[in-house]
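> I'm passing along start-v8.txt; it holds compact mmCIF, C-alpha atoms.
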```txt
# COMPACT_ATOMS: atom_id res chain seq x y z
CA MET A 1 93.68 101.51 90.50
CA PHE A 2 95.40 103.91 92.86
CA TYR A 3 96.10 107.09 90.93
CA ARG A 4 97.88 109.14 93.57
CA PRO A 5 101.39 107.74 94.11
CA ALA A 6 101.41 107.83 97.94
CA LYS A 7 101.09 104.25 99.19
CA ALA A 8 101.93 102.21 102.28
CA TYR A 9 103.22 98.71 101.62
CA ILE A 10 102.64 96.16 104.40
CA ASN A 11 105.15 93.31 104.47
CA LEU A 12 103.13 90.38 105.81
CA PRO A 13 106.04 87.91 106.15
CA ALA A 14 107.86 90.52 108.25
CA LEU A 15 105.10 90.33 110.86
CA ARG A 16 105.57 86.58 111.18
CA HIS A 17 109.33 87.01 111.29
CA ASN A 18 109.15 89.60 114.07
CA LEU A 19 106.79 87.39 116.08
CA ALA A 20 109.38 84.62 115.86
CA ILE A 21 111.99 87.07 117.18
CA ALA A 22 109.70 87.95 120.11
CA LYS A 23 109.24 84.28 120.91
CA SER A 24 112.99 83.68 120.78
CA LEU A 25 113.53 86.47 123.30
CA ALA A 26 111.10 84.81 125.73
CA PRO A 27 111.12 81.10 124.89
CA ASN A 28 109.40 80.08 128.12
CA SER A 29 106.64 82.70 128.00
CA LYS A 30 103.34 82.99 126.23
CA VAL A 31 103.06 85.89 123.80
CA LEU A 32 100.25 88.42 123.89
CA ALA A 33 100.62 90.29 120.59
CA VAL A 34 99.50 93.89 120.99
CA VAL A 35 97.37 94.92 118.00
CA LYS A 36 95.62 97.99 119.43
CA ALA A 37 95.25 101.26 117.51
CA ASN A 38 94.33 99.40 114.33
CA GLY A 39 97.42 97.24 114.56
CA TYR A 40 99.66 100.26 115.16
CA GLY A 41 98.30 101.72 111.95
CA HIS A 42 98.89 98.60 109.86
CA GLY A 43 95.31 97.22 109.92
CA ILE A 44 94.21 95.21 112.95
CA CYS A 45 92.70 92.21 111.14
CA ARG A 46 95.52 92.07 108.60
CA VAL A 47 98.05 92.07 111.42
CA ALA A 48 96.19 89.54 113.56
CA GLN A 49 95.97 87.12 110.64
CA GLN A 50 99.77 87.11 110.38
CA LEU A 51 100.19 86.80 114.14
CA VAL A 52 97.92 83.79 114.64
CA GLY A 53 100.94 82.04 116.11
CA ALA A 54 100.68 84.26 119.18
CA ASP A 55 98.92 82.99 122.28
CA GLY A 56 96.63 86.00 122.48
CA PHE A 57 96.02 89.57 121.40
CA GLY A 58 96.06 92.83 123.32
CA VAL A 59 93.61 95.57 122.39
CA ALA A 60 92.61 98.93 123.85
CA SER A 61 88.85 98.60 123.70
CA ILE A 62 85.99 96.17 123.40
CA ASP A 63 85.30 97.54 119.91
CA GLU A 64 88.67 96.24 118.72
CA ALA A 65 88.11 92.93 120.50
CA LEU A 66 84.69 92.40 118.92
CA LEU A 67 86.09 93.14 115.48
CA LEU A 68 88.60 90.32 115.96
CA ARG A 69 85.90 87.97 117.23
CA GLN A 70 83.67 88.82 114.25
CA LYS A 71 86.56 87.92 111.94
CA GLY A 72 86.77 84.51 113.57
CA PHE A 73 89.78 84.87 115.87
CA LEU A 74 89.37 82.51 118.82
CA HIS A 75 92.52 83.57 120.67
CA ARG A 76 92.47 85.03 124.12
CA ILE A 77 91.95 88.77 123.77
CA LEU A 78 92.94 91.10 126.59
CA LEU A 79 91.27 94.48 127.11
CA LEU A 80 94.40 96.38 128.14
CA GLU A 81 92.49 99.32 129.66
CA GLY A 82 89.74 97.14 131.01
CA LEU A 83 86.13 98.28 130.73
CA PHE A 84 85.13 101.90 130.27
CA SER A 85 81.61 101.34 131.58
CA GLU A 86 79.72 98.66 133.49
CA ILE A 87 77.41 97.97 130.56
CA GLU A 88 80.34 96.44 128.64
CA LEU A 89 80.73 93.59 131.14
CA PRO A 90 78.06 91.19 129.79
CA LEU A 91 79.44 91.65 126.28
CA ALA A 92 82.98 90.99 127.46
CA VAL A 93 81.94 87.81 129.27
CA GLN A 94 79.81 86.61 126.37
CA ASN A 95 82.76 87.00 124.01
CA ARG A 96 85.24 85.40 126.42
CA LEU A 97 87.43 88.46 126.70
CA ASP A 98 90.20 88.79 129.27
CA ILE A 99 89.73 91.95 131.34
CA VAL A 100 92.31 94.20 132.97
CA ILE A 101 91.20 95.62 136.31
CA HIS A 102 93.20 98.70 137.25
CA SER A 103 90.93 100.61 139.64
CA ARG A 104 88.37 100.29 142.41
CA HIS A 105 85.36 101.16 140.28
CA GLN A 106 86.23 98.44 137.75
CA LEU A 107 86.67 95.98 140.61
CA GLN A 108 83.23 96.79 141.98
CA TRP A 109 81.62 96.28 138.58
CA ILE A 110 83.02 92.79 138.27
CA LEU A 111 82.34 91.83 141.90
CA HIS A 112 78.67 92.79 141.55
CA TYR A 113 78.18 90.98 138.25
CA GLN A 114 76.68 87.49 138.42
CA THR A 115 77.69 84.87 135.88
CA ALA A 116 78.32 81.14 135.63
CA SER A 117 81.27 81.78 133.32
CA VAL A 118 84.87 81.82 134.51
CA ILE A 119 86.35 85.27 133.89
CA ASN A 120 90.04 85.85 133.13
CA VAL A 121 91.04 88.99 135.01
CA TRP A 122 94.41 90.74 134.98
CA LEU A 123 95.10 92.90 138.02
CA LYS A 124 97.23 95.85 137.05
CA ILE A 125 99.78 96.91 139.66
CA ASP A 126 101.23 100.42 139.77
CA THR A 127 104.95 99.79 140.22
CA GLY A 128 105.91 103.41 139.66
CA MET A 129 104.52 104.60 136.34
CA HIS A 130 101.54 106.19 138.15
CA ARG A 131 99.21 105.99 135.20
CA LEU A 132 96.93 103.03 135.88
CA GLY A 133 96.91 100.31 138.49
CA PHE A 134 96.37 99.42 142.12
CA SER A 135 99.07 100.34 144.60
CA THR A 136 101.28 97.48 145.69
CA GLU A 137 99.70 97.64 149.14
CA GLU A 138 96.18 97.15 147.73
CA ILE A 139 96.86 93.95 145.80
CA PRO A 140 96.39 91.40 148.64
CA SER A 141 93.00 92.92 149.48
CA VAL A 142 91.89 92.95 145.85
CA ILE A 143 92.89 89.30 145.41
CA GLN A 144 91.05 88.36 148.58
CA GLN A 145 87.87 90.05 147.37
CA LEU A 146 88.01 88.17 144.09
CA LYS A 147 88.59 84.85 145.84
CA GLN A 148 85.63 85.40 148.16
CA ASN A 149 83.26 86.39 145.36
CA PRO A 150 80.68 83.83 144.16
CA ASN A 151 81.99 84.22 140.62
CA SER A 152 84.99 82.22 139.42
CA PHE A 153 88.05 84.17 138.31
CA ASN A 154 91.34 83.19 136.73
CA ILE A 155 93.61 85.83 138.21
CA HIS A 156 96.70 87.24 136.47
CA LEU A 157 99.08 89.89 137.79
CA MET A 158 100.60 92.53 135.54
CA SER A 159 102.33 95.88 135.46
CA HIS A 160 103.86 98.10 132.80
CA LEU A 161 107.42 99.35 132.32
CA ALA A 162 107.60 103.11 131.91
CA SER A 163 111.10 103.65 130.52
CA ALA A 164 112.65 100.32 129.57
CA ASP A 165 113.49 101.80 126.16
CA GLU A 166 115.68 104.50 127.70
CA LEU A 167 119.31 103.76 128.53
CA THR A 168 120.10 106.68 130.80
CA VAL A 169 121.31 105.80 134.29
CA THR A 170 118.11 107.24 135.76
CA SER A 171 115.85 105.21 133.47
CA VAL A 172 117.77 101.97 133.94
CA GLU A 173 117.61 102.36 137.71
CA PHE A 174 113.90 103.19 137.53
CA THR A 175 113.19 100.07 135.45
CA LYS A 176 115.13 97.90 137.87
CA LYS A 177 113.11 99.45 140.70
CA GLN A 178 109.87 98.59 138.88
CA ILE A 179 110.97 94.99 138.36
CA LYS A 180 111.93 94.69 142.02
CA SER A 181 108.59 96.15 143.10
CA PHE A 182 106.69 93.75 140.83
CA ASN A 183 108.64 90.78 142.16
CA SER A 184 108.13 91.69 145.81
CA THR A 185 104.40 92.33 145.30
CA THR A 186 103.68 89.14 143.37
CA LYS A 187 106.03 86.57 144.91
CA ALA A 188 103.44 85.39 147.44
CA PHE A 189 100.88 84.60 144.73
CA ASP A 190 100.93 81.64 142.38
CA PHE A 191 99.19 83.38 139.49
CA PRO A 192 100.37 83.96 135.91
CA LYS A 193 102.40 87.17 135.71
CA SER A 194 103.20 89.67 132.96
CA LEU A 195 105.47 92.72 132.90
CA HIS A 196 107.56 92.96 129.74
CA ASN A 197 106.64 95.08 126.75
CA SER A 198 108.83 95.25 123.62
CA ALA A 199 111.57 97.29 125.28
CA GLY A 200 111.51 95.08 128.35
CA LEU A 201 111.94 92.02 126.16
CA GLN A 202 114.95 93.49 124.39
CA SER A 203 116.72 95.03 127.35
CA TYR A 204 115.55 93.05 130.39
CA GLY A 205 114.65 89.69 128.90
CA SER A 206 116.16 87.61 131.68
CA ALA A 207 112.90 87.88 133.66
CA CYS A 208 110.00 87.48 131.27
CA TYR A 209 107.46 85.79 133.58
CA ASP A 210 104.51 83.83 132.17
CA TRP A 211 103.31 86.29 129.53
CA VAL A 212 105.10 88.92 127.46
CA ARG A 213 103.30 91.72 125.65
CA PRO A 214 105.29 92.81 122.55
CA GLY A 215 103.86 95.70 120.58
CA ILE A 216 106.11 97.93 118.48
CA LEU A 217 108.67 95.13 118.17
CA LEU A 218 106.20 93.14 116.06
CA TYR A 219 106.09 95.96 113.53
CA GLY A 220 109.86 95.94 113.11
CA ILE A 221 110.86 98.72 115.48
CA GLY A 222 113.31 98.05 118.30
CA SER A 223 114.15 99.98 121.43
CA ILE A 224 114.60 103.68 120.72
CA ASN A 225 118.24 103.67 121.74
CA THR A 226 119.13 100.48 119.90
CA PRO A 227 120.83 101.04 116.52
CA PHE A 228 118.55 99.93 113.71
CA ASP A 229 120.98 97.32 112.43
CA LYS A 230 121.29 95.83 115.91
CA GLN A 231 117.59 95.40 116.66
CA ALA A 232 117.67 91.58 116.77
CA GLN A 233 117.25 91.41 112.97
CA LEU A 234 113.77 92.87 113.09
CA LYS A 235 112.16 93.62 109.74
CA PRO A 236 110.15 96.84 109.22
CA VAL A 237 106.60 95.98 108.26
CA MET A 238 105.49 99.28 106.74
CA ARG A 239 107.15 101.01 103.80
CA LEU A 240 105.74 104.43 102.98
CA GLU A 241 106.36 105.47 99.38
CA SER A 242 105.39 108.11 96.88
CA ALA A 243 106.84 109.67 93.74
CA VAL A 244 108.40 112.83 92.42
CA ILE A 245 105.77 114.94 90.65
CA ALA A 246 107.86 118.01 89.72
CA VAL A 247 111.50 119.04 89.37
CA ARG A 248 112.78 122.61 89.09
CA TRP A 249 115.89 124.70 89.63
CA VAL A 250 115.77 127.69 91.94
CA GLU A 251 118.40 130.39 92.10
CA ALA A 252 120.39 131.40 95.16
CA GLY A 253 118.30 133.57 97.43
CA GLU A 254 114.93 132.24 96.28
CA PHE A 255 112.45 130.73 98.70
CA VAL A 256 110.73 127.35 98.61
CA GLY A 257 107.43 126.48 100.29
CA TYR A 258 105.12 128.12 102.80
CA GLY A 259 106.28 130.88 105.10
CA ASN A 260 109.55 131.52 103.28
CA ASP A 261 111.14 129.16 105.80
CA TRP A 262 113.79 127.87 103.43
CA GLN A 263 115.98 130.05 101.25
CA ALA A 264 118.33 128.57 98.69
CA PRO A 265 121.97 129.20 99.68
CA LYS A 266 123.02 128.46 96.07
CA ARG A 267 121.44 127.36 92.82
CA THR A 268 119.45 124.28 93.88
CA CYS A 269 117.53 121.52 92.15
CA VAL A 270 114.27 120.88 93.98
CA ALA A 271 112.03 117.84 93.65
CA VAL A 272 108.40 117.86 94.78
CA ILE A 273 107.08 114.60 96.23
CA ALA A 274 103.37 113.77 96.59
CA ILE A 275 103.21 113.18 100.35
CA GLY A 276 102.24 115.48 103.19
CA TYR A 277 100.62 115.77 106.58
CA GLY A 278 97.28 114.93 104.96
CA ASP A 279 98.77 111.47 104.46
CA GLY A 280 100.31 111.22 107.91
CA TYR A 281 103.80 112.43 107.10
CA PRO A 282 104.85 114.55 110.10
CA ARG A 283 104.18 118.25 109.57
CA LEU A 284 106.92 119.17 112.02
CA ALA A 285 109.63 117.31 110.10
CA PRO A 286 112.30 120.00 109.66
CA THR A 287 114.67 120.84 106.87
CA GLY A 288 117.29 118.11 106.78
CA THR A 289 114.93 115.20 107.43
CA PRO A 290 116.16 112.35 105.20
CA VAL A 291 114.19 110.95 102.27
CA LEU A 292 115.28 108.26 99.84
CA VAL A 293 114.72 109.06 96.17
CA GLU A 294 115.78 106.35 93.73
CA GLY A 295 117.68 104.91 96.67
CA LYS A 296 119.70 108.08 97.16
CA ARG A 297 119.56 109.91 100.47
CA VAL A 298 118.37 113.50 100.05
CA SER A 299 117.12 116.14 102.47
CA LEU A 300 113.73 117.67 102.97
CA ILE A 301 113.70 121.47 102.59
CA GLY A 302 111.04 123.93 103.69
CA ARG A 303 107.75 123.20 105.39
CA VAL A 304 105.75 120.02 104.97
CA SER A 305 102.50 120.84 103.15
CA MET A 306 99.22 118.95 103.34
CA ASP A 307 99.90 117.06 100.11
CA MET A 308 103.55 117.68 99.21
CA ILE A 309 107.10 117.95 100.43
CA THR A 310 110.14 119.39 98.70
CA VAL A 311 113.63 117.90 98.76
CA ASP A 312 117.06 119.05 97.61
CA ILE A 313 118.26 116.74 94.81
CA THR A 314 121.07 118.95 93.50
CA GLU A 315 123.76 116.27 93.91
CA HIS A 316 121.62 113.66 92.16
CA HIS A 317 119.65 115.73 89.65
CA GLU A 318 120.86 113.70 86.67
CA SER A 319 119.34 110.47 88.00
CA ILE A 320 116.15 111.81 89.58
CA HIS A 321 113.17 112.74 87.42
CA ILE A 322 109.38 112.87 87.30
CA ASP A 323 107.96 109.59 88.67
CA SER A 324 111.15 108.72 90.54
CA LEU A 325 110.38 106.53 93.54
CA ALA A 326 110.55 108.20 96.95
CA THR A 327 110.74 106.21 100.18
CA LEU A 328 109.68 108.13 103.26
CA TRP A 329 110.44 105.23 105.61
CA GLY A 330 110.96 101.49 105.41
CA GLU A 331 113.92 99.41 104.31
CA GLY A 332 116.97 101.66 104.17
CA LEU A 333 115.38 104.48 106.18
CA SER A 334 114.05 103.67 109.62
CA VAL A 335 110.82 105.31 110.72
CA ASP A 336 112.64 105.83 114.02
CA GLU A 337 115.13 108.13 112.30
CA VAL A 338 112.39 110.16 110.62
CA ALA A 339 110.54 110.39 113.93
CA ALA A 340 113.67 111.65 115.69
CA TYR A 341 113.99 114.51 113.19
CA ALA A 342 110.32 115.40 113.75
CA ASN A 343 110.77 115.29 117.54
CA THR A 344 108.30 112.46 117.94
CA ILE A 345 108.31 108.65 118.08
CA SER A 346 107.78 105.93 115.50
CA TYR A 347 104.51 104.87 117.17
CA GLU A 348 102.89 108.18 116.26
CA LEU A 349 104.05 108.07 112.64
CA LEU A 350 102.88 104.49 112.08
CA CYS A 351 99.52 105.11 113.74
CA GLY A 352 99.07 108.39 111.91
CA ILE A 353 98.84 107.16 108.31
CA THR A 354 95.53 108.53 107.06
CA SER A 355 92.74 106.72 105.24
CA ARG A 356 93.55 108.26 101.88
CA VAL A 357 96.81 106.29 101.71
CA PRO A 358 96.06 102.83 100.28
CA MET A 359 97.71 99.93 102.09
CA ILE A 360 99.06 97.29 99.76
CA GLU A 361 99.94 93.87 101.13
CA ILE A 362 103.23 92.24 100.23
CA GLN A 363 102.90 88.46 100.51
```
If you convert what's in this file into structure tokens, what do you get?

Amino acid sequence: MFYRPAKAYINLPALRHNLAIAKSLAPNSKVLAVVKANGYGHGICRVAQQLVGADGFGVASIDEALLLRQKGFLHRILLLEGLFSEIELPLAVQNRLDIVIHSRHQLQWILHYQTASVINVWLKIDTGMHRLGFSTEEIPSVIQQLKQNPNSFNIHLMSHLASADELTVTSVEFTKKQIKSFNSTTKAFDFPKSLHNSAGLQSYGSACYDWVRPGILLYGIGSINTPFDKQAQLKPVMRLESAVIAVRWVEAGEFVGYGNDWQAPKRTCVAVIAIGYGDGYPRLAPTGTPVLVEGKRVSLIGRVSMDMITVDITEHHESIHIDSLATLWGEGLSVDEVAAYANTISYELLCGITSRVPMIEIQ
């Protein structure tokens, strides 16, 4: 029994559907399904089970990788940030993990380690994002050092697109510059290559290389600037719901919520919904943020509380009552739209659902 009405429903078939979309966008590439951050807030093992059709998984840390191994997943698993300390290396090799190398200290760790096992390494190239990766000039030397090492390495080459989800002239030109840099740096080497994330797949899919690394796309969210109904028929995986727990009328001039932030311009019917920032609903969502109640689009008013929000249901007060269903995001209301109102991104909202919200699987 779940007594509090706030719940997150996870549509398992939607995960499989979205993986099929990713594969259709890159039919000649292998798919590394990114399941880091607890499967973008959806549950890493639950997500991986639905994405077993992928060729591998991408995680942020060895802890996430070991959890997948303990659950019996035999796929290739890539440590997207590589190793955080040298002591992780034996564990990574023992569990057959693919390892990103993005810096000199990581390179030295792996060059000094002695093993009879073949290690899959992914050299990260900085093509302009300037977050992680070797400079383009360093790559030939790094490859040479790996080739001369007594250990055996399967080398891959990768980079990351910084703004493929932005459609401004500046961002488009920057992405094209990154692709050109990646091509010129890697063309002399006959190693598997990977560049495209979700946005790259959707907007620059003509050059997908050997591996693609979809993340947010798998959870039903397309490029930020792509209209929701045009996102290659993606299906949202998470639906966040709760219920109305109180309804009252307030007179013109009265205030609702903390800080007296919202004042009724006229006599208003207010519904209270059991959801708040303690559940992961964005505290900075402003008045006007849309909510669906009984399928009707209403507006949030006043500040988001830890456990509750208030919405204006004046136009629909005859059909909305205690226990009426409220959808915070999901089918009919994109998490992208809610995120835009809260001046954030869908990634943060999906990853931010707290442990007190039960996740219920839809088969």
> Would you work out the distance separating CA of Lys176 (chain A) from CA of Ser206 (chain A), expressed in Å to one decimal?
12.1 Å
> Which distance in Å separates CA of Gly288 (chain A) and CA of Glu251 (chain A), to one decimal?
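Distance reported for this atom pair: 19.2 Å.
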> Quick one: which region 117-231 of chain A residues come within 8 Å of region 92-101 of chain A, and what is the nearest atom pair for each with the distance in Å to one decimal, counting only C-alpha atoms, rows ordered by chain and ascending number, as a tab-separated table?

```
residue	atom	partner	partner_atom	distance
A:Ser117	CA	A:Val93	CA	7.3
A:Ile119	CA	A:Val93	CA	6.9
A:Asn120	CA	A:Asp98	CA	4.9
A:Val121	CA	A:Ile99	CA	4.9
A:Trp122	CA	A:Val100	CA	4.5
A:Leu123	CA	A:Ile101	CA	5.1
A:Lys124	CA	A:Ile101	CA	6.1
A:Gly133	CA	A:Ile101	CA	7.7
```
> Do a neighbour search on Leu132 (chain A) at 7 Å with all atoms listed in the file, toss out local chain neighbours closer than 2 positions, and write the hits as a list in words.
His102, Asp126 and His130 of chain A
> May I have the protein, DNA and RNA residues with an atom at most 10 Å from (115.4, 112.9, 95.5), counting only C-alpha atoms in the file's coordinates, returned as JSON, numbers by chain?
{"A": [243, 244, 247, 269, 270, 271, 272, 273, 290, 291, 292, 293, 294, 295, 296, 297, 298, 299, 300, 310, 311, 312, 313, 314, 315, 316, 317, 319, 320, 321, 324, 325, 326, 327]}
> Pick the closest to Ile362 (chain A) from A:Leu74, A:Val237, A:Met158, A:Leu67: which is it, counting all atoms listed in the file?
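Answer, going by the shortest atom-to-atom distance: A:Val237.
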> Applying 10 Å and all atoms listed in the file, which residues near Gly43 (chain A) remain after dropping the ones on its own chain fewer than 5 positions away? List them as a PyMOL selection string.
chain A and resi 10+35-38+48+351+359
> Quick one: residues within 7 Å of Arg213 (chain A), only C-alpha atoms, excluding same-chain residues fewer than 5 positions away - as a PDB file with C-alpha atoms, in the coordinates of the input?

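Output saved as out_19.pdb:
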```pdb
ATOM      1  CA  VAL A  31     103.060  85.890 123.800  1.00  0.00           C
ATOM      2  CA  LEU A  32     100.250  88.420 123.890  1.00  0.00           C
ATOM      3  CA  ALA A  33     100.620  90.290 120.590  1.00  0.00           C
ATOM      4  CA  VAL A  34      99.500  93.890 120.990  1.00  0.00           C
ATOM      5  CA  HIS A 196     107.560  92.960 129.740  1.00  0.00           C
ATOM      6  CA  ASN A 197     106.640  95.080 126.750  1.00  0.00           C
ATOM      7  CA  SER A 198     108.830  95.250 123.620  1.00  0.00           C
TER       8      SER A 198
END
```
> Rounded to one decimal, what separation in Å do you get between CA of Gln233 (chain A) and CA of Pro214 (chain A)?
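Distance reported for this atom pair: 15.4 Å.
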> Please list as a list of chain:residue names every residue within 12 Å of Gln178 (chain A), counting all atoms listed in the file and excluding residues in the same chain fewer than 4 positions away.
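Answer for this query is A:Ile125, A:Asp126, A:Thr127, A:Gly128, A:Met129, A:His130, A:Thr136, A:Met158, A:Ser159, A:His160, A:Leu161, A:Ala162, A:Ser163, A:Ala164, A:Ser171, A:Val172, A:Glu173, A:Phe174, A:Phe182, A:Asn183, A:Ser184, A:Thr185, A:Leu195, A:His196, A:Gly200, A:Tyr204.
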> When you look at Glu254 (chain A) with a cut-off of 12 Å (counting all atoms listed in the file), what residues show up, excluding the ones that are within fewer than 6 positions of it in the same chain? I need them as a list of chain:residue names.
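Within the cut-off, the hits are A:Asn260, A:Asp261, A:Trp262, A:Gln263, A:Ala264, A:Pro265, A:Lys266, A:Arg267, A:Thr268, A:Cys269, A:Val270, A:Gly302.
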> Which one of A:Gly352, A:Gly278, A:Gly82, A:Pro90 sits closest to Arg104 (chain A) if you count all atoms listed in the file?
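Selected residue with least distance to Arg104 (chain A): A:Gly82.
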> Just give me the residues with any atom within 9 Å of (111.8, 83.9, 128.6), file coordinates, counting all atoms listed in the file, written as an NGL selection string.
:A and (23-30 or 201 or 205-212)
> Which of these, A:Pro192, A:Pro282, A:Gly257, A:Gly276, has the shortest distance to Lys7 (chain A) once you count all atoms listed in the file?
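Comparing A:Pro192, A:Pro282, A:Gly257, A:Gly276 against Lys7 (chain A), the winner is A:Gly276.
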> Which one of A:Ile360, A:Leu91, A:Val59, A:Ala8 sits closest to Arg76 (chain A) if you count all atoms listed in the file?
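With all atoms listed in the file as the atom set, the closest residue is A:Val59.
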> Which is closest to Val304 (chain A) among A:Lys180, A:Val256, A:Gly332, A:Asp63, if we use only C-alpha atoms?
A:Val256
> Just region 33-92 of chain A from the block, C-alpha atoms, as a PDB file, in the first residue's frame, could you?

```pdb
ATOM      1  CA  ALA A  33      22.526   2.958 -23.740  1.00  0.00           C
ATOM      2  CA  VAL A  34      23.381   5.524 -21.082  1.00  0.00           C
ATOM      3  CA  VAL A  35      21.880   4.483 -17.738  1.00  0.00           C
ATOM      4  CA  LYS A  36      23.952   6.617 -15.350  1.00  0.00           C
ATOM      5  CA  ALA A  37      22.436   8.578 -12.458  1.00  0.00           C
ATOM      6  CA  ASN A  38      20.199   5.652 -11.527  1.00  0.00           C
ATOM      7  CA  GLY A  39      18.863   5.403 -15.044  1.00  0.00           C
ATOM      8  CA  TYR A  40      18.186   9.147 -15.212  1.00  0.00           C
ATOM      9  CA  GLY A  41      16.089   8.752 -12.089  1.00  0.00           C
ATOM     10  CA  HIS A  42      14.046   5.827 -13.398  1.00  0.00           C
ATOM     11  CA  GLY A  43      15.947   3.002 -11.630  1.00  0.00           C
ATOM     12  CA  ILE A  44      19.148   1.712 -13.214  1.00  0.00           C
ATOM     13  CA  CYS A  45      18.402  -2.022 -13.063  1.00  0.00           C
ATOM     14  CA  ARG A  46      14.787  -1.557 -14.108  1.00  0.00           C
ATOM     15  CA  VAL A  47      15.922   0.482 -17.098  1.00  0.00           C
ATOM     16  CA  ALA A  48      18.752  -1.860 -18.065  1.00  0.00           C
ATOM     17  CA  GLN A  49      16.388  -4.832 -18.055  1.00  0.00           C
ATOM     18  CA  GLN A  50      14.238  -3.116 -20.678  1.00  0.00           C
ATOM     19  CA  LEU A  51      17.261  -2.049 -22.710  1.00  0.00           C
ATOM     20  CA  VAL A  52      18.892  -5.476 -22.976  1.00  0.00           C
ATOM     21  CA  GLY A  53      18.650  -5.051 -26.740  1.00  0.00           C
ATOM     22  CA  ALA A  54      21.381  -2.425 -26.575  1.00  0.00           C
ATOM     23  CA  ASP A  55      24.974  -3.390 -27.309  1.00  0.00           C
ATOM     24  CA  GLY A  56      26.255  -1.925 -24.064  1.00  0.00           C
ATOM     25  CA  PHE A  57      25.579   0.422 -21.177  1.00  0.00           C
ATOM     26  CA  GLY A  58      27.164   3.709 -20.178  1.00  0.00           C
ATOM     27  CA  VAL A  59      27.569   4.540 -16.496  1.00  0.00           C
ATOM     28  CA  ALA A  60      29.273   7.273 -14.503  1.00  0.00           C
ATOM     29  CA  SER A  61      31.071   5.176 -11.930  1.00  0.00           C
ATOM     30  CA  ILE A  62      32.310   1.713 -11.109  1.00  0.00           C
ATOM     31  CA  ASP A  63      29.632   1.482  -8.407  1.00  0.00           C
ATOM     32  CA  GLU A  64      26.912   1.653 -11.058  1.00  0.00           C
ATOM     33  CA  ALA A  65      28.788  -0.826 -13.257  1.00  0.00           C
ATOM     34  CA  LEU A  66      29.180  -3.361 -10.439  1.00  0.00           C
ATOM     35  CA  LEU A  67      25.495  -3.106  -9.609  1.00  0.00           C
ATOM     36  CA  LEU A  68      24.679  -4.103 -13.178  1.00  0.00           C
ATOM     37  CA  ARG A  69      27.181  -6.959 -13.091  1.00  0.00           C
ATOM     38  CA  GLN A  70      25.747  -8.197  -9.776  1.00  0.00           C
ATOM     39  CA  LYS A  71      22.302  -8.263 -11.399  1.00  0.00           C
ATOM     40  CA  GLY A  72      23.643 -10.499 -14.140  1.00  0.00           C
ATOM     41  CA  PHE A  73      24.089  -8.082 -17.041  1.00  0.00           C
ATOM     42  CA  LEU A  74      26.872  -9.359 -19.298  1.00  0.00           C
ATOM     43  CA  HIS A  75      26.837  -6.430 -21.721  1.00  0.00           C
ATOM     44  CA  ARG A  76      29.808  -4.217 -22.304  1.00  0.00           C
ATOM     45  CA  ILE A  77      29.712  -1.469 -19.692  1.00  0.00           C
ATOM     46  CA  LEU A  78      31.590   1.768 -20.258  1.00  0.00           C
ATOM     47  CA  LEU A  79      32.835   3.927 -17.380  1.00  0.00           C
ATOM     48  CA  LEU A  80      32.095   7.293 -18.986  1.00  0.00           C
ATOM     49  CA  GLU A  81      34.328   9.271 -16.611  1.00  0.00           C
ATOM     50  CA  GLY A  82      36.926   6.564 -16.408  1.00  0.00           C
ATOM     51  CA  LEU A  83      38.506   5.706 -13.076  1.00  0.00           C
ATOM     52  CA  PHE A  84      38.566   8.088 -10.132  1.00  0.00           C
ATOM     53  CA  SER A  85      41.491   6.341  -8.463  1.00  0.00           C
ATOM     54  CA  GLU A  86      44.148   3.796  -9.402  1.00  0.00           C
ATOM     55  CA  ILE A  87      42.808   1.257  -6.921  1.00  0.00           C
ATOM     56  CA  GLU A  88      39.692   0.804  -9.083  1.00  0.00           C
ATOM     57  CA  LEU A  89      41.686  -0.617 -11.996  1.00  0.00           C
ATOM     58  CA  PRO A  90      41.933  -4.273 -10.869  1.00  0.00           C
ATOM     59  CA  LEU A  91      38.198  -4.287 -10.139  1.00  0.00           C
ATOM     60  CA  ALA A  92      37.421  -2.794 -13.546  1.00  0.00           C
TER      61      ALA A  92
END
```
